[in-house]
Amino acid sequence: MAGVDVVFDFDKTIINLDSDNWVVDELGATDLFNELLPTMPWNSVMDRMMMELHAEGRTIDDIVEVLKRVPILPGVVPAIKTAHALGCNLRIVSDANMFFIETILDHLEIRECFSEINSNPSFVDEEGRLRIRPIHNFHESSHGCNLCPPNMCKGIIMERIQASLMLDGKKKKVIYLGDGSGDYCPSLKLGEGDFLMPRKNFPLWGLISQNPLVIKAEIHEWSDGEELARILSSLINTISMAGNAQLSPKIMAVPAYDALACPSPKPAMVANSIQFKQPIC
Ligand SMILES: [Mg+2]
Ligand SMILES: [Zn+2]
């Protein structure tokens, strides 16, 4: 499926919680984290927390061991492997950091499934401390987006991805999966023919619910990893069939609840409308 680009958020989309909170909580530093949070951006707090934990004697290996125990959304790893095996191009866009993400993906043996990881850079300094930097250096300049935190605008990253897809010449479909308010900005960048998979009852879903008409992509909500896997597989099948038949998606229109409910690969596309319906079969 060279015609499909799948873009995953990481926290609460691939893993079942926030990796920053998981590491801080598991290493017993929740109180200090909560104290610092009102005083500086989240990304800066995480860098500070890594230094505090190092000062308390926590090592990189301690952090790695905690990351290896992170709860994964059941069904998501097989879904990633299947999408990769089908030839989809997979990327991650996340406001966590490269060290946390790569450690977890390596542990799950799915690092090679992703062609690109966009996240806050991180490195281990000469004293053995994990340092976390912003992907956008807001100390030098603002990225200019008031929807996003100062260190990262996922919408700007999405625009770069879209520009790179345009260079291929062939119209590629994007499927974007996410849960958080930081996923709203890139969701607004998706175009007609793209697909948005927000996690139901999470902040992105809530923001979309307030005004679904501003989203051009076709929306398919999901609640758990198994549902994510089923819908993702269905969308990839649908895009594949539409591409093979050289048909416009709108010619193949059937109600969206079929796409949400039925794992069988049948044509299931709708025009741009939000579909917050429960599966019916
Ligand atoms: Mg998330
Ligand atoms: Zn933004």
# chains A, B, ... in the order shown; residues from 1 in each chain; ligands from 1
$ residues_around --residues "Leu37 (chain A)" --least-positions-apart "5" --cutoff "12 Å" --atoms "only C-alpha atoms" --output "ChimeraX atom specification"
/A:21,30-32,42-49
$ residues_around --residues "Val77 (chain A)" --least-positions-apart "6" --cutoff "12 Å" --atoms "only C-alpha atoms" --output "list in words"
Phe8, Phe10, Thr13, Ile14, Ile15, Asn16, Pro71, Ala83, His84, Ile104, Leu105, His107, Leu108, Glu109, Ile110, Arg111, Cys113, Gly225, Glu226, Leu228 and Ala229 of chain A
$ residues_near_ligand --ligand "ligand 1" --cutoff "7 Å" --atoms "only C-alpha atoms and all ligand atoms" --output "MDAnalysis selection string"
chainID A and resid 9:13 178:180
$ write_last_selection --atoms "N, CA and C atoms" --output "compact mmCIF listing (two decimals), in the first residue's frame"
# COMPACT_ATOMS: atom_id res chain seq x y z
N ASP A 9 0.13 9.39 16.79
CA ASP A 9 0.55 9.95 18.05
C ASP A 9 1.13 8.79 18.88
N PHE A 10 1.77 9.05 20.00
CA PHE A 10 2.39 7.95 20.77
C PHE A 10 1.68 7.72 22.10
N ASP A 11 1.73 8.74 22.99
CA ASP A 11 1.13 8.58 24.32
C ASP A 11 -0.39 8.43 24.21
N LYS A 12 -0.91 7.44 24.88
CA LYS A 12 -2.36 7.16 24.91
C LYS A 12 -2.93 6.80 23.54
N THR A 13 -2.04 6.52 22.59
CA THR A 13 -2.48 6.05 21.27
C THR A 13 -1.80 4.72 20.95
N GLY A 178 -4.79 9.80 16.99
CA GLY A 178 -4.34 10.51 18.17
C GLY A 178 -5.43 10.65 19.21
N ASP A 179 -5.05 11.21 20.34
CA ASP A 179 -6.01 11.36 21.45
C ASP A 179 -6.03 12.76 22.05
N GLY A 180 -4.90 13.48 21.99
CA GLY A 180 -4.74 14.66 22.83
C GLY A 180 -5.08 15.97 22.14
$ residues_near_ligand --ligand "ligand 2" --cutoff "7 Å" --atoms "only C-alpha atoms and all ligand atoms" --output "PyMOL selection string"
chain A and resi 145-148+153-156+185-186
$ write_last_selection --atoms "N, CA and C atoms" --output "mmCIF file, in the first residue's frame"
data_model
loop_
_atom_site.group_PDB
_atom_site.id
_atom_site.type_symbol
_atom_site.label_atom_id
_atom_site.label_comp_id
_atom_site.auth_asym_id
_atom_site.auth_seq_id
_atom_site.Cartn_x
_atom_site.Cartn_y
_atom_site.Cartn_z
ATOM 1 N N CYS A 145 1.945 29.257 16.403
ATOM 2 C CA CYS A 145 0.637 28.584 16.461
ATOM 3 C C CYS A 145 0.105 28.663 17.884
ATOM 4 N N ASN A 146 -1.063 29.266 18.038
ATOM 5 C CA ASN A 146 -1.589 29.413 19.400
ATOM 6 C C ASN A 146 -2.422 28.212 19.841
ATOM 7 N N LEU A 147 -2.537 27.197 19.000
ATOM 8 C CA LEU A 147 -3.239 25.974 19.399
ATOM 9 C C LEU A 147 -2.302 25.018 20.146
ATOM 10 N N CYS A 148 -1.015 25.177 19.936
ATOM 11 C CA CYS A 148 -0.045 24.160 20.360
ATOM 12 C C CYS A 148 0.871 24.662 21.480
ATOM 13 N N CYS A 153 4.611 22.276 17.492
ATOM 14 C CA CYS A 153 3.359 22.405 16.749
ATOM 15 C C CYS A 153 3.282 21.208 15.805
ATOM 16 N N LYS A 154 2.392 20.286 16.142
ATOM 17 C CA LYS A 154 2.264 19.087 15.293
ATOM 18 C C LYS A 154 1.697 19.435 13.920
ATOM 19 N N GLY A 155 0.981 20.548 13.833
ATOM 20 C CA GLY A 155 0.433 20.974 12.548
ATOM 21 C C GLY A 155 1.534 21.339 11.558
ATOM 22 N N ILE A 156 2.584 22.004 12.058
ATOM 23 C CA ILE A 156 3.713 22.357 11.184
ATOM 24 C C ILE A 156 4.384 21.072 10.676
ATOM 25 N N CYS A 185 -4.396 20.415 16.109
ATOM 26 C CA CYS A 185 -3.797 21.253 15.059
ATOM 27 C C CYS A 185 -3.480 20.439 13.793
ATOM 28 N N PRO A 186 -2.784 19.289 13.895
ATOM 29 C CA PRO A 186 -2.554 18.509 12.674
ATOM 30 C C PRO A 186 -3.849 17.959 12.070
#
$ atom_distance --atom1 "CA of Asp62 (chain A)" --atom2 "CA of Asn137 (chain A)"
28.4 Å
$ select_by_dssp --residues "region 95-224 of chain A" --states "alpha helix (DSSP H)" --output "PyMOL selection string"
chain A and resi 98-108+154-167+184-189+203-210
$ residues_around --residues "Glu192 (chain A)" --least-positions-apart "2" --cutoff "6 Å" --atoms "only C-alpha atoms" --output "list of chain:residue names"
A:Asp194, A:Lys216, A:Ala217
$ write_last_selection --atoms "C-alpha atoms" --output "mmCIF file, in the first residue's frame"
data_model
loop_
_atom_site.group_PDB
_atom_site.id
_atom_site.type_symbol
_atom_site.label_atom_id
_atom_site.label_comp_id
_atom_site.auth_asym_id
_atom_site.auth_seq_id
_atom_site.Cartn_x
_atom_site.Cartn_y
_atom_site.Cartn_z
ATOM 1 C CA ASP A 194 -7.662 11.770 4.422
ATOM 2 C CA LYS A 216 -12.080 18.004 6.217
ATOM 3 C CA ALA A 217 -10.930 14.411 6.784
#
$ residues_around --residues "Ile175 (chain A)" --least-positions-apart "6" --cutoff "8 Å" --atoms "only C-alpha atoms" --output "PyMOL selection string"
chain A and resi 4-7+194-197
$ closest_residue --among "A:His143, A:Arg129, A:Gly206, A:Glu102" --to "Met51 (chain A)" --atoms "only C-alpha atoms"
A:Arg129
$ atom_distance --atom1 "CA of Gly87 (chain A)" --atom2 "CA of Ser115 (chain A)"
11.4 Å
$ closest_residue --among "A:Ser187, A:Pro41, A:Ala163, A:Arg230" --to "His139 (chain A)" --atoms "only C-alpha atoms"
A:Pro41
$ closest_residue --among "A:Met158, A:Ala55, A:Leu188, A:Leu73" --to "Ser94 (chain A)" --atoms "only C-alpha atoms"
A:Met158
$ atom_distance --atom1 "CA of Lys172 (chain A)" --atom2 "CA of Ile239 (chain A)"
9.8 Å
$ select_by_dssp --residues "region 53-265 of chain A" --states "strand (DSSP E or B)" --output "number ranges by chain"
A: 72, 89-97, 114-120, 122-124, 130-132, 173-178, 195-199, 218-219, 222, 253
$ residues_around --residues "region 23-28 of chain A" --least-positions-apart "5" --cutoff "8 Å" --atoms "only C-alpha atoms" --output "PDB file with C-alpha atoms, in the first residue's frame"
ATOM      1  CA  PHE A  33       6.606  17.134  38.973  1.00  0.00           C
ATOM      2  CA  MET A  49      12.855  16.035  36.341  1.00  0.00           C
ATOM      3  CA  LEU A  53      16.117  11.965  39.359  1.00  0.00           C
ATOM      4  CA  ILE A  63      14.557   4.751  33.319  1.00  0.00           C
ATOM      5  CA  VAL A  66      10.529   1.559  33.758  1.00  0.00           C
ATOM      6  CA  LEU A  67       9.929   2.242  30.060  1.00  0.00           C
TER       7      LEU A  67
END
